[in-house]
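Next comes start.cif, a file with mmCIF, C-alpha atoms.
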data_query
loop_
_atom_site.label_atom_id
_atom_site.label_comp_id
_atom_site.auth_asym_id
_atom_site.auth_seq_id
_atom_site.Cartn_x
_atom_site.Cartn_y
_atom_site.Cartn_z
CA MET P 1 2.97 1.38 -0.72
CA ASP P 2 3.66 -1.28 1.88
CA LEU P 3 3.03 -5.03 2.04
CA SER P 4 -0.59 -4.59 3.12
CA PHE P 5 -1.32 -2.40 0.08
CA ALA P 6 0.50 -4.90 -2.16
CA LEU P 7 -1.76 -7.59 -0.72
CA LEU P 8 -4.81 -5.45 -1.45
CA GLU P 9 -3.71 -4.82 -5.05
CA LEU P 10 -2.97 -8.50 -5.73
CA ALA P 11 -6.08 -9.87 -4.02
CA SER P 12 -8.24 -7.24 -5.77
CA ASN P 13 -6.95 -8.55 -9.10
CA SER P 14 -7.89 -12.07 -8.00
CA LEU P 15 -11.43 -11.00 -7.12
CA ASP P 16 -11.78 -8.99 -10.34
CA ALA P 17 -10.74 -12.17 -12.20
CA GLY P 18 -13.77 -13.93 -10.72
CA ALA P 19 -11.86 -15.99 -8.15
CA THR P 20 -14.01 -17.85 -5.63
CA LEU P 21 -10.95 -18.78 -3.58
CA VAL P 22 -7.96 -16.56 -2.83
CA LYS P 23 -5.08 -18.00 -0.84
CA ILE P 24 -2.69 -15.56 0.78
CA ARG P 25 0.51 -16.58 2.46
CA LEU P 26 2.71 -14.01 4.15
CA ARG P 27 6.09 -14.52 5.78
CA VAL P 28 7.75 -11.55 7.37
CA GLY P 29 11.16 -11.62 9.00
CA ARG P 30 14.26 -9.80 7.85
CA ARG P 31 12.84 -10.34 4.38
CA ALA P 32 9.26 -10.64 3.33
CA CYS P 33 7.47 -13.03 1.01
CA LEU P 34 3.85 -12.54 0.03
CA LYS P 35 2.09 -15.10 -2.15
CA VAL P 36 -1.42 -14.56 -3.48
CA SER P 37 -2.91 -17.37 -5.54
CA ASP P 38 -6.40 -17.68 -6.93
CA ASN P 39 -8.72 -19.84 -8.99
CA GLY P 40 -9.81 -16.96 -11.20
CA ARG P 41 -9.99 -16.95 -14.97
CA GLY P 42 -6.23 -16.65 -15.45
CA MET P 43 -4.26 -14.91 -18.20
CA ASP P 44 -2.93 -16.06 -21.55
CA ASP P 45 0.81 -15.87 -22.21
CA GLU P 46 0.64 -12.53 -24.03
CA THR P 47 -1.37 -10.85 -21.24
CA LEU P 48 0.89 -12.37 -18.59
CA LYS P 49 3.98 -11.06 -20.36
CA ARG P 50 2.59 -7.52 -20.42
CA ALA P 51 0.77 -7.62 -17.06
CA CYS P 52 3.27 -5.40 -15.22
CA GLU P 53 3.65 -2.81 -18.01
CA GLU P 54 2.57 0.70 -17.07
CA GLY P 55 -0.90 1.36 -18.48
CA PHE P 56 -1.53 -2.19 -19.69
CA SER P 57 -4.74 -3.76 -18.44
CA GLY P 58 -6.50 -6.98 -19.28
CA LYS P 59 -9.72 -5.74 -17.68
CA GLY P 60 -10.18 -2.18 -18.90
CA SER P 61 -8.77 -0.50 -15.80
CA SER P 62 -5.95 2.02 -15.38
CA GLY P 63 -3.24 -0.61 -15.83
CA LEU P 64 -1.33 0.74 -12.85
CA GLY P 65 -1.92 -1.83 -10.12
CA LEU P 66 0.57 -4.52 -11.08
CA TYR P 67 2.97 -1.92 -12.51
CA LYS P 68 3.14 -0.14 -9.15
CA THR P 69 3.26 -3.36 -7.17
CA ALA P 70 6.17 -4.67 -9.26
CA LYS P 71 7.93 -1.30 -8.97
CA TYR P 72 7.52 -1.41 -5.19
CA ALA P 73 8.95 -4.95 -5.07
CA ASN P 74 11.94 -3.98 -7.19
CA GLN P 75 12.62 -0.81 -5.21
CA SER P 76 12.54 -2.80 -2.00
CA GLY P 77 15.31 -5.04 -3.33
CA GLY P 78 13.00 -7.88 -4.23
CA SER P 79 10.80 -8.99 -7.11
CA LEU P 80 7.26 -9.75 -8.25
CA LYS P 81 6.72 -12.97 -10.17
CA LEU P 82 3.47 -14.00 -11.79
CA ARG P 83 2.29 -17.35 -13.04
CA SER P 84 -1.00 -17.94 -14.71
CA LYS P 85 -3.01 -20.44 -16.67
CA ILE P 86 -6.24 -19.71 -18.49
CA GLY P 87 -9.13 -21.32 -16.69
CA LYS P 88 -6.98 -22.34 -13.72
CA GLY P 89 -5.96 -19.14 -11.99
CA THR P 90 -3.02 -16.92 -11.19
CA SER P 91 -0.39 -16.78 -8.51
CA ALA P 92 1.77 -13.83 -7.59
CA ILE P 93 4.87 -14.03 -5.44
CA LEU P 94 6.24 -10.78 -4.09
CA LYS P 95 9.61 -10.72 -2.34
CA ALA P 96 10.91 -7.66 -0.53
CA ARG P 97 13.99 -6.79 1.48
CA GLN P 98 13.24 -3.26 2.69
CA PHE P 99 9.61 -2.94 3.54
CA GLU P 100 6.89 -1.88 5.94
CA THR P 101 4.26 -4.48 6.77
CA GLY P 102 1.40 -1.98 7.02
CA ASP P 103 -2.17 -2.50 8.12
CA MET P 104 -3.00 -6.09 7.13
CA ALA P 105 -6.33 -6.10 9.00
CA SER P 106 -7.65 -3.14 6.97
CA SER P 107 -6.74 -4.81 3.68
CA LEU P 108 -8.38 -8.07 4.76
CA ALA P 109 -11.57 -6.25 5.79
CA VAL P 110 -11.85 -4.95 2.22
CA ILE P 111 -11.48 -8.30 0.48
CA LEU P 112 -13.83 -10.31 2.72
CA ASP P 113 -17.26 -10.82 1.20
CA ASP P 114 -19.89 -13.44 0.47
CA GLU P 115 -18.83 -14.09 -3.11
CA SER P 116 -15.45 -15.66 -2.42
CA ASP P 117 -13.40 -17.42 0.22
CA ILE P 118 -10.11 -16.22 1.61
CA VAL P 119 -7.40 -18.30 3.24
CA PHE P 120 -4.91 -16.04 4.98
CA LYS P 121 -1.85 -17.59 6.59
CA ALA P 122 0.69 -15.22 8.03
CA ARG P 123 3.82 -15.43 10.06
CA ILE P 124 5.18 -12.08 11.15
CA GLY P 125 8.20 -12.55 13.37
CA LEU P 126 7.02 -14.93 16.07
CA LYS P 127 3.34 -14.22 15.54
CA ARG P 128 1.22 -16.54 13.46
CA ILE P 129 -2.33 -16.42 12.26
CA LYS P 130 -4.54 -18.52 10.02
CA LEU P 131 -7.91 -17.37 8.82
CA ASP P 132 -9.94 -19.64 6.55
CA THR P 133 -13.32 -18.19 5.67
CA ARG P 134 -14.60 -21.60 4.46
CA ARG P 135 -14.23 -22.97 7.98
CA LEU P 136 -15.37 -19.75 9.58
CA ARG P 137 -18.60 -19.84 7.58
CA SER P 138 -19.30 -23.48 8.36
CA GLU P 139 -18.45 -23.10 12.07
CA THR P 140 -20.65 -20.05 12.54
CA GLY P 141 -23.71 -21.13 10.61
CA GLY P 142 -23.00 -19.16 7.47
CA ILE P 143 -22.45 -15.62 8.70
CA SER P 144 -22.19 -12.88 6.10
CA LEU P 145 -18.66 -11.60 5.66
CA SER P 146 -19.97 -8.67 3.63
CA ASP P 147 -21.59 -7.40 6.84
CA ALA P 148 -19.61 -4.51 8.28
CA ARG P 149 -19.83 -5.71 11.90
CA LYS P 150 -18.41 -9.12 11.01
CA LYS P 151 -15.55 -7.45 9.18
CA ALA P 152 -14.85 -5.38 12.29
CA VAL P 153 -14.67 -8.52 14.46
CA ILE P 154 -12.20 -10.12 12.09
CA LYS P 155 -10.14 -6.92 11.95
CA LYS P 156 -9.82 -6.87 15.73
CA TYR P 157 -8.89 -10.52 15.76
CA VAL P 158 -6.18 -10.06 13.13
CA ASN P 159 -4.81 -6.97 14.89
CA GLU P 160 -4.71 -8.70 18.27
CA ASN P 161 -2.83 -11.64 16.80
CA LEU P 162 -0.38 -9.86 14.56
CA LYS P 163 0.61 -6.79 16.57
CA MET N 1 -5.22 -28.17 19.42
CA LYS N 2 -4.18 -27.06 15.97
CA LYS N 3 -3.63 -23.34 15.72
CA SER N 4 -6.16 -23.02 12.89
CA ILE N 5 -8.89 -24.63 15.00
CA ALA N 6 -8.01 -22.40 17.94
CA ASP N 7 -8.29 -19.41 15.63
CA ILE N 8 -11.74 -20.43 14.45
CA MET N 9 -12.87 -20.95 18.03
CA ALA N 10 -11.56 -17.53 19.03
CA ILE N 11 -13.31 -15.76 16.18
CA ARG N 12 -16.49 -17.69 16.83
CA GLN N 13 -16.35 -16.61 20.45
CA SER N 14 -15.86 -12.98 19.47
CA MET N 15 -18.86 -13.35 17.21
CA GLN N 16 -21.18 -14.86 19.80
CA SER N 17 -23.17 -11.67 20.04
CA GLU N 18 -22.98 -11.24 16.30
CA ILE N 19 -24.33 -14.58 15.20
CA ILE N 20 -27.39 -14.58 12.99
CA LEU N 21 -29.75 -15.39 15.87
CA ARG N 22 -29.50 -11.79 17.06
CA ASP N 23 -28.76 -10.44 13.68
CA ASN N 24 -31.77 -11.36 11.63
CA VAL N 25 -32.16 -8.18 9.66
CA ASP N 26 -34.35 -8.85 6.62
CA ALA N 27 -32.28 -9.18 3.49
CA GLU N 28 -34.73 -6.79 1.80
CA LYS N 29 -33.97 -4.14 4.40
CA GLU N 30 -30.21 -4.36 4.18
CA ILE N 31 -28.26 -1.31 3.16
CA HIS N 32 -25.41 -2.04 0.77
CA ILE N 33 -22.44 0.26 0.34
CA ILE N 34 -20.02 -0.45 -2.49
CA VAL N 35 -16.57 1.12 -2.48
CA GLY N 36 -14.53 1.49 -5.69
CA MET N 37 -11.28 -0.28 -4.98
CA GLY N 38 -9.35 -0.10 -8.23
CA THR N 39 -5.75 1.09 -8.01
CA CYS N 40 -7.01 4.65 -8.56
CA GLY N 41 -9.40 4.29 -5.61
CA ILE N 42 -6.82 2.67 -3.35
CA GLU N 43 -4.31 5.45 -4.08
CA ALA N 44 -6.94 8.10 -3.37
CA GLY N 45 -7.66 6.59 0.07
CA ALA N 46 -10.48 4.09 -0.58
CA ARG N 47 -9.14 1.61 1.98
CA GLU N 48 -9.27 4.25 4.70
CA VAL N 49 -12.79 5.25 3.63
CA PHE N 50 -13.88 1.60 3.66
CA ASN N 51 -12.45 0.96 7.12
CA ALA N 52 -13.74 4.23 8.61
CA MET N 53 -17.26 3.04 7.75
CA VAL N 54 -16.66 -0.48 9.07
CA ASP N 55 -15.26 0.89 12.34
CA TYR N 56 -18.07 3.40 12.83
CA ILE N 57 -20.74 0.77 12.15
CA GLU N 58 -19.13 -1.55 14.71
CA GLU N 59 -18.68 1.17 17.34
CA HIS N 60 -22.32 2.20 17.04
CA ASP N 61 -23.66 -1.34 16.70
CA LEU N 62 -25.52 -0.59 13.47
CA LYS N 63 -27.11 -3.71 12.03
CA GLY N 64 -27.80 -4.75 8.46
CA ILE N 65 -25.18 -2.72 6.61
CA ARG N 66 -23.05 -4.51 4.06
CA VAL N 67 -19.86 -2.84 2.90
CA THR N 68 -18.13 -4.43 -0.06
CA ARG N 69 -15.53 -3.57 -2.67
CA THR N 70 -15.69 -3.41 -6.41
CA GLY N 71 -13.05 -2.71 -9.04
CA CYS N 72 -12.47 0.62 -10.78
CA MET N 73 -15.73 2.59 -11.02
CA GLY N 74 -14.57 4.28 -14.21
CA ASP N 75 -14.08 7.83 -12.99
CA CYS N 76 -10.55 7.75 -11.60
CA ALA N 77 -10.30 11.52 -10.99
CA ASP N 78 -13.30 11.38 -8.64
CA GLU N 79 -12.10 8.50 -6.47
CA PRO N 80 -12.67 7.44 -3.78
CA MET N 81 -16.22 6.77 -4.92
CA ILE N 82 -18.97 4.95 -3.10
CA GLU N 83 -22.40 3.73 -4.13
CA VAL N 84 -25.11 3.56 -1.50
CA HIS N 85 -28.03 1.19 -2.07
CA VAL N 86 -30.99 1.63 0.26
CA PRO N 87 -33.92 -0.73 -0.44
CA GLY N 88 -36.85 1.07 -2.06
CA LYS N 89 -34.77 4.12 -3.01
CA GLU N 90 -32.68 5.11 -6.01
CA HIS N 91 -29.04 4.37 -5.37
CA GLU N 92 -26.74 7.30 -4.70
CA VAL N 93 -23.16 7.80 -5.81
CA TYR N 94 -20.75 9.89 -3.75
CA LYS N 95 -17.49 11.15 -5.23
CA LYS N 96 -14.19 12.21 -3.67
CA VAL N 97 -15.22 10.69 -0.37
CA THR N 98 -12.97 11.07 2.66
CA ALA N 99 -13.08 8.97 5.83
CA LYS N 100 -14.85 11.87 7.57
CA LYS N 101 -17.44 12.26 4.81
CA ALA N 102 -18.00 8.49 4.77
CA VAL N 103 -18.85 8.54 8.48
CA GLU N 104 -21.28 11.43 7.86
CA ILE N 105 -22.98 9.34 5.16
CA ILE N 106 -23.37 6.40 7.58
CA LYS N 107 -24.73 8.73 10.29
CA LYS N 108 -27.35 10.00 7.84
CA LEU N 109 -28.30 6.44 6.87
CA ALA N 110 -28.63 5.37 10.50
CA LYS N 111 -31.16 8.10 11.34
#

This structure in structure tokens:
Amino acid sequence: MDLSFALLELASNSLDAGATLVKIRLRVGRRACLKVSDNGRGMDDETLKRACEEGFSGKGSSGLGLYKTAKYANQSGGSLKLRSKIGKGTSAILKARQFETGDMASSLAVILDDESDIVFKARIGLKRIKLDTRRLRSETGGISLSDARKKAVIKKYVNENLK
Amino acid sequence: MKKSIADIMAIRQSMQSEIILRDNVDAEKEIHIIVGMGTCGIEAGAREVFNAMVDYIEEHDLKGIRVTRTGCMGDCADEPMIEVHVPGKEHEVYKKVTAKKAVEIIKKLAK
């Protein structure tokens, strides 16, 4: 596990919750803070309380994603905090002290598609990047972000700007 | 210029050759590959499989192939799993896919 896999786990949950907008904010310095917030269906209090339990799932899956992500955060000297409201969405804030950033571009390539928009703002050391698929779509005449070649272009762009 | 606007401009520039004008593959002819991306899939290497296909498609300039994620496909022991939808054909499911196998599948589709 690294921050890029944590991003993939959290954003995958957002998409599985029917989110049409996923906002990701990443700050990496001596410590790291990753926030993923969405407008998905959200969780009730009982589900939220149990969300990070091993084997517990609100969607019929393995129930390991949030458990492993929270474990990773704790082992790295940080934490994973979730907030959620039914009908409004969920936000997850992961803090880490000892971490690897990982391959952010590969995780982003996976979550880009035509069903939802992604806003990705990252600051890694002195490097900054902002990717807003709502603007990208409107500025490019509605390109398909499910198309593999478009994903590859965005991957290259993210890699060039973050490495 | 705001950084975000500069970013959009840069991506748009990179996409000049990619923009729909040159990319008008019929929607009915598009191949769609779906990769199981539940935690089980991710742990078994689904992200690498996904990106191996994206990279190969880009390197070989293959048009009209959509690659998207889905959640757990229900058969965790057989992850990574991919579903290949080719218009006019029955869809195919591949189990325990590796990055190498995924590229072979794309090569076969591109023939």

- One decimal, Å: what's the distance from CA of Ile106 (chain N) over to CA of Ile82 (chain N), could you say? 11.6 Å

- Note on the structure: As a check of understanding: the span from CA of Gly78 (chain P) to CA of Lys121 (chain P) is 20.8 Å

- Exercise: Gly18 (chain P) partners within 7 Å, only C-alpha atoms, chain neighbours under 3 positions left out, as a ChimeraX atom specification: /P:14-15,40-41

- Task: Given the file shown, determine the residues that the PyMOL selection byres ((chain P) within 8 of (chain N)) selects; report them as a PyMOL selection string.
- Result: chain P and resi 9+12+16+61-62+64-65+106-107+109-113+129-131+135-136+139-141+143+146-154+157

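Using all atoms listed in the file, the smallest distance between any of N:Val103, N:Thr98, N:Lys29, N:Lys108 and Gly45 (chain N) comes from N:Thr98.
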
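Distance check against Lys68 (chain P) using only C-alpha atoms: of P:Thr90, P:Thr20, P:Glu54, P:Arg134, the minimum falls on P:Glu54.
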
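Distance-wise, CA of Met104 (chain P) and CA of Ser4 (chain P) end up 4.9 Å apart.
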